[in-house]
Amino acid sequence: MAHAAPRNRGMIEQGRTTDVFDARTHRMAQIVLPVLAALVYGFWAAANRRYGGPITGWNLLFGFLTALVFAVVLVTLLTVAPKLHRGLHAVAWAAFAGVAVGFLFSQSNGSIYRSVALGVGVMVGTFLLLFYRYYTKEDAEGHRRE
């Protein structure tokens with residue numbers, strides 16, 4: 001019968017993960033990933049808006065402005081949201097996700113009622129998921145236990 005190898009108590013309680021990338025790579029990722037997400041979002045919104053028609057200058061402008069607004073809000077949220085209490089933290093991310101999905105759907109020529117319903121549905125689901133996550137990973141004062 002196989003048994004687990006004995007380990008000292010310090011190895012079990014340590015619980016840290018190894019960091020594969022250095023600090024410079026993490027700083028670059030904090031800039032590059034929101035910009036890439038914003039470009040994808042802007043392209044998606046512009047593609048929804050043109051309904052399969054030709055790409056025009058106005059369509060490109062709309063896509064870049066949408067990407068710019070998305071990037072600014074995302075970077076602001078990434079900066080401010082971790083400082084909020086767990087309930088407000090979850091509400092901020094849920095509102096961002098709901099508005100983003102609702103806006104994308106509204107650009108595909110859907111009705112405003114369906115866009116709002118989809119946005120609210122995504123918002124509620126995101127809030128429940130994130131509130132549970134933050135509730136289980138933070139203490140009452142908001143200090144993370146990870």
# chains A, B, ... in the order shown; residues from 1 in each chain; ligands from 1
call {"tool": "residues_around", "arguments": {"residues": "stretch 118-129 of chain A", "least_positions_apart": "4", "cutoff": "7 Å", "atoms": "only C-alpha atoms", "output": "VMD selection string"}}
result
chain A and resid 90 to 91 94 to 95 97 to 99 101 to 102 114 133
call {"tool": "residues_around", "arguments": {"residues": "stretch 38-48 of chain A", "least_positions_apart": "3", "cutoff": "7 Å", "atoms": "only C-alpha atoms", "output": "PDB file with all heavy atoms, in the first residue's frame"}}
result
ATOM      1  N   PRO A  34      -5.459  45.214 -20.878  1.00  0.00           N
ATOM      2  CA  PRO A  34      -6.634  46.072 -21.064  1.00  0.00           C
ATOM      3  C   PRO A  34      -6.714  46.694 -22.459  1.00  0.00           C
ATOM      4  O   PRO A  34      -7.799  46.843 -23.019  1.00  0.00           O
ATOM      5  CB  PRO A  34      -6.471  47.158 -19.994  1.00  0.00           C
ATOM      6  CG  PRO A  34      -5.646  46.531 -18.943  1.00  0.00           C
ATOM      7  CD  PRO A  34      -4.707  45.618 -19.675  1.00  0.00           C
ATOM      8  N   VAL A  35      -5.572  47.046 -23.041  1.00  0.00           N
ATOM      9  CA  VAL A  35      -5.579  47.618 -24.393  1.00  0.00           C
ATOM     10  C   VAL A  35      -6.044  46.576 -25.404  1.00  0.00           C
ATOM     11  O   VAL A  35      -6.873  46.876 -26.282  1.00  0.00           O
ATOM     12  CB  VAL A  35      -4.182  48.174 -24.755  1.00  0.00           C
ATOM     13  CG1 VAL A  35      -4.090  48.519 -26.225  1.00  0.00           C
ATOM     14  CG2 VAL A  35      -3.863  49.390 -23.903  1.00  0.00           C
ATOM     15  N   TYR A  51     -23.482  45.708 -39.598  1.00  0.00           N
ATOM     16  CA  TYR A  51     -24.427  44.686 -40.072  1.00  0.00           C
ATOM     17  C   TYR A  51     -23.923  43.944 -41.305  1.00  0.00           C
ATOM     18  O   TYR A  51     -24.686  43.648 -42.210  1.00  0.00           O
ATOM     19  CB  TYR A  51     -25.804  45.296 -40.388  1.00  0.00           C
ATOM     20  CG  TYR A  51     -26.333  46.201 -39.328  1.00  0.00           C
ATOM     21  CD1 TYR A  51     -26.568  47.539 -39.599  1.00  0.00           C
ATOM     22  CD2 TYR A  51     -26.587  45.724 -38.046  1.00  0.00           C
ATOM     23  CE1 TYR A  51     -27.044  48.387 -38.611  1.00  0.00           C
ATOM     24  CE2 TYR A  51     -27.065  46.566 -37.062  1.00  0.00           C
ATOM     25  CZ  TYR A  51     -27.290  47.893 -37.353  1.00  0.00           C
ATOM     26  OH  TYR A  51     -27.749  48.725 -36.372  1.00  0.00           O
ATOM     27  N   ASN A  59     -17.375  53.950 -39.286  1.00  0.00           N
ATOM     28  CA  ASN A  59     -17.369  52.683 -38.570  1.00  0.00           C
ATOM     29  C   ASN A  59     -16.047  52.497 -37.823  1.00  0.00           C
ATOM     30  O   ASN A  59     -16.035  52.044 -36.675  1.00  0.00           O
ATOM     31  CB  ASN A  59     -17.607  51.539 -39.556  1.00  0.00           C
ATOM     32  CG  ASN A  59     -17.804  50.215 -38.871  1.00  0.00           C
ATOM     33  OD1 ASN A  59     -16.923  49.375 -38.930  1.00  0.00           O
ATOM     34  ND2 ASN A  59     -18.950  50.036 -38.241  1.00  0.00           N
ATOM     35  N   LEU A  60     -14.935  52.856 -38.475  1.00  0.00           N
ATOM     36  CA  LEU A  60     -13.639  52.774 -37.805  1.00  0.00           C
ATOM     37  C   LEU A  60     -13.570  53.741 -36.622  1.00  0.00           C
ATOM     38  O   LEU A  60     -13.067  53.385 -35.546  1.00  0.00           O
ATOM     39  CB  LEU A  60     -12.514  53.091 -38.792  1.00  0.00           C
ATOM     40  CG  LEU A  60     -12.199  52.018 -39.817  1.00  0.00           C
ATOM     41  CD1 LEU A  60     -11.168  52.523 -40.805  1.00  0.00           C
ATOM     42  CD2 LEU A  60     -11.694  50.765 -39.126  1.00  0.00           C
ATOM     43  N   PHE A  62     -16.064  54.874 -34.859  1.00  0.00           N
ATOM     44  CA  PHE A  62     -16.911  54.325 -33.796  1.00  0.00           C
ATOM     45  C   PHE A  62     -16.184  53.215 -33.040  1.00  0.00           C
ATOM     46  O   PHE A  62     -16.224  53.164 -31.802  1.00  0.00           O
ATOM     47  CB  PHE A  62     -18.222  53.793 -34.394  1.00  0.00           C
ATOM     48  CG  PHE A  62     -19.099  53.113 -33.391  1.00  0.00           C
ATOM     49  CD1 PHE A  62     -19.848  53.846 -32.492  1.00  0.00           C
ATOM     50  CD2 PHE A  62     -19.163  51.727 -33.336  1.00  0.00           C
ATOM     51  CE1 PHE A  62     -20.645  53.216 -31.557  1.00  0.00           C
ATOM     52  CE2 PHE A  62     -19.957  51.093 -32.407  1.00  0.00           C
ATOM     53  CZ  PHE A  62     -20.699  51.842 -31.516  1.00  0.00           C
ATOM     54  N   GLY A  63     -15.516  52.323 -33.764  1.00  0.00           N
ATOM     55  CA  GLY A  63     -14.789  51.232 -33.120  1.00  0.00           C
ATOM     56  C   GLY A  63     -13.667  51.731 -32.227  1.00  0.00           C
ATOM     57  O   GLY A  63     -13.486  51.246 -31.101  1.00  0.00           O
ATOM     58  N   PHE A  64     -12.900  52.714 -32.695  1.00  0.00           N
ATOM     59  CA  PHE A  64     -11.796  53.224 -31.892  1.00  0.00           C
ATOM     60  C   PHE A  64     -12.292  54.028 -30.681  1.00  0.00           C
ATOM     61  O   PHE A  64     -11.709  53.928 -29.601  1.00  0.00           O
ATOM     62  CB  PHE A  64     -10.842  54.071 -32.736  1.00  0.00           C
ATOM     63  CG  PHE A  64      -9.905  53.237 -33.563  1.00  0.00           C
ATOM     64  CD1 PHE A  64      -9.934  53.300 -34.938  1.00  0.00           C
ATOM     65  CD2 PHE A  64      -9.009  52.366 -32.966  1.00  0.00           C
ATOM     66  CE1 PHE A  64      -9.088  52.521 -35.700  1.00  0.00           C
ATOM     67  CE2 PHE A  64      -8.151  51.578 -33.705  1.00  0.00           C
ATOM     68  CZ  PHE A  64      -8.198  51.664 -35.088  1.00  0.00           C
ATOM     69  N   THR A  66     -15.157  53.512 -29.148  1.00  0.00           N
ATOM     70  CA  THR A  66     -15.675  52.501 -28.229  1.00  0.00           C
ATOM     71  C   THR A  66     -14.534  51.819 -27.480  1.00  0.00           C
ATOM     72  O   THR A  66     -14.611  51.606 -26.263  1.00  0.00           O
ATOM     73  CB  THR A  66     -16.501  51.466 -29.006  1.00  0.00           C
ATOM     74  OG1 THR A  66     -17.542  52.128 -29.701  1.00  0.00           O
ATOM     75  CG2 THR A  66     -17.098  50.425 -28.078  1.00  0.00           C
ATOM     76  N   ALA A  67     -13.462  51.502 -28.193  1.00  0.00           N
ATOM     77  CA  ALA A  67     -12.296  50.875 -27.561  1.00  0.00           C
ATOM     78  C   ALA A  67     -11.658  51.808 -26.542  1.00  0.00           C
ATOM     79  O   ALA A  67     -11.253  51.373 -25.453  1.00  0.00           O
ATOM     80  CB  ALA A  67     -11.275  50.475 -28.625  1.00  0.00           C
ATOM     81  N   LEU A  68     -11.590  53.089 -26.867  1.00  0.00           N
ATOM     82  CA  LEU A  68     -10.994  54.058 -25.946  1.00  0.00           C
ATOM     83  C   LEU A  68     -11.804  54.171 -24.661  1.00  0.00           C
ATOM     84  O   LEU A  68     -11.246  54.124 -23.554  1.00  0.00           O
ATOM     85  CB  LEU A  68     -10.885  55.428 -26.624  1.00  0.00           C
ATOM     86  CG  LEU A  68     -10.310  56.546 -25.765  1.00  0.00           C
ATOM     87  CD1 LEU A  68      -8.843  56.279 -25.465  1.00  0.00           C
ATOM     88  CD2 LEU A  68     -10.481  57.878 -26.460  1.00  0.00           C
ATOM     89  N   PHE A  70     -13.910  51.945 -23.448  1.00  0.00           N
ATOM     90  CA  PHE A  70     -13.811  50.668 -22.754  1.00  0.00           C
ATOM     91  C   PHE A  70     -12.485  50.577 -21.987  1.00  0.00           C
ATOM     92  O   PHE A  70     -12.463  50.152 -20.825  1.00  0.00           O
ATOM     93  CB  PHE A  70     -13.921  49.519 -23.769  1.00  0.00           C
ATOM     94  CG  PHE A  70     -13.945  48.158 -23.157  1.00  0.00           C
ATOM     95  CD1 PHE A  70     -15.131  47.575 -22.748  1.00  0.00           C
ATOM     96  CD2 PHE A  70     -12.773  47.436 -22.991  1.00  0.00           C
ATOM     97  CE1 PHE A  70     -15.154  46.312 -22.189  1.00  0.00           C
ATOM     98  CE2 PHE A  70     -12.779  46.169 -22.437  1.00  0.00           C
ATOM     99  CZ  PHE A  70     -13.972  45.608 -22.030  1.00  0.00           C
ATOM    100  N   ALA A  71     -11.386  50.976 -22.630  1.00  0.00           N
ATOM    101  CA  ALA A  71     -10.070  50.898 -21.980  1.00  0.00           C
ATOM    102  C   ALA A  71      -9.996  51.814 -20.771  1.00  0.00           C
ATOM    103  O   ALA A  71      -9.478  51.420 -19.713  1.00  0.00           O
ATOM    104  CB  ALA A  71      -8.974  51.240 -22.979  1.00  0.00           C
ATOM    105  N   LEU A 104     -23.080  46.006 -26.463  1.00  0.00           N
ATOM    106  CA  LEU A 104     -22.751  45.202 -27.648  1.00  0.00           C
ATOM    107  C   LEU A 104     -24.008  44.665 -28.315  1.00  0.00           C
ATOM    108  O   LEU A 104     -24.136  44.692 -29.542  1.00  0.00           O
ATOM    109  CB  LEU A 104     -21.839  44.031 -27.269  1.00  0.00           C
ATOM    110  CG  LEU A 104     -20.358  44.309 -27.211  1.00  0.00           C
ATOM    111  CD1 LEU A 104     -19.608  43.039 -26.860  1.00  0.00           C
ATOM    112  CD2 LEU A 104     -19.840  44.888 -28.493  1.00  0.00           C
ATOM    113  N   GLN A 107     -25.968  47.192 -30.380  1.00  0.00           N
ATOM    114  CA  GLN A 107     -25.387  47.556 -31.670  1.00  0.00           C
ATOM    115  C   GLN A 107     -25.733  46.559 -32.775  1.00  0.00           C
ATOM    116  O   GLN A 107     -25.482  46.817 -33.947  1.00  0.00           O
ATOM    117  CB  GLN A 107     -23.862  47.690 -31.559  1.00  0.00           C
ATOM    118  CG  GLN A 107     -23.426  48.791 -30.634  1.00  0.00           C
ATOM    119  CD  GLN A 107     -24.033  50.127 -30.988  1.00  0.00           C
ATOM    120  OE1 GLN A 107     -23.978  50.563 -32.134  1.00  0.00           O
ATOM    121  NE2 GLN A 107     -24.647  50.760 -30.015  1.00  0.00           N
ATOM    122  N   SER A 108     -26.286  45.427 -32.410  1.00  0.00           N
ATOM    123  CA  SER A 108     -26.635  44.413 -33.416  1.00  0.00           C
ATOM    124  C   SER A 108     -28.088  44.529 -33.857  1.00  0.00           C
ATOM    125  O   SER A 108     -28.682  43.563 -34.299  1.00  0.00           O
ATOM    126  CB  SER A 108     -26.352  43.011 -32.881  1.00  0.00           C
ATOM    127  OG  SER A 108     -27.183  42.754 -31.774  1.00  0.00           O
TER     128      SER A 108
END
call {"tool": "closest_residue", "arguments": {"among": "A:Asp19, A:Phe105, A:Phe96, A:Ile31", "to": "A:Ala117", "atoms": "only C-alpha atoms"}}
result
A:Phe105
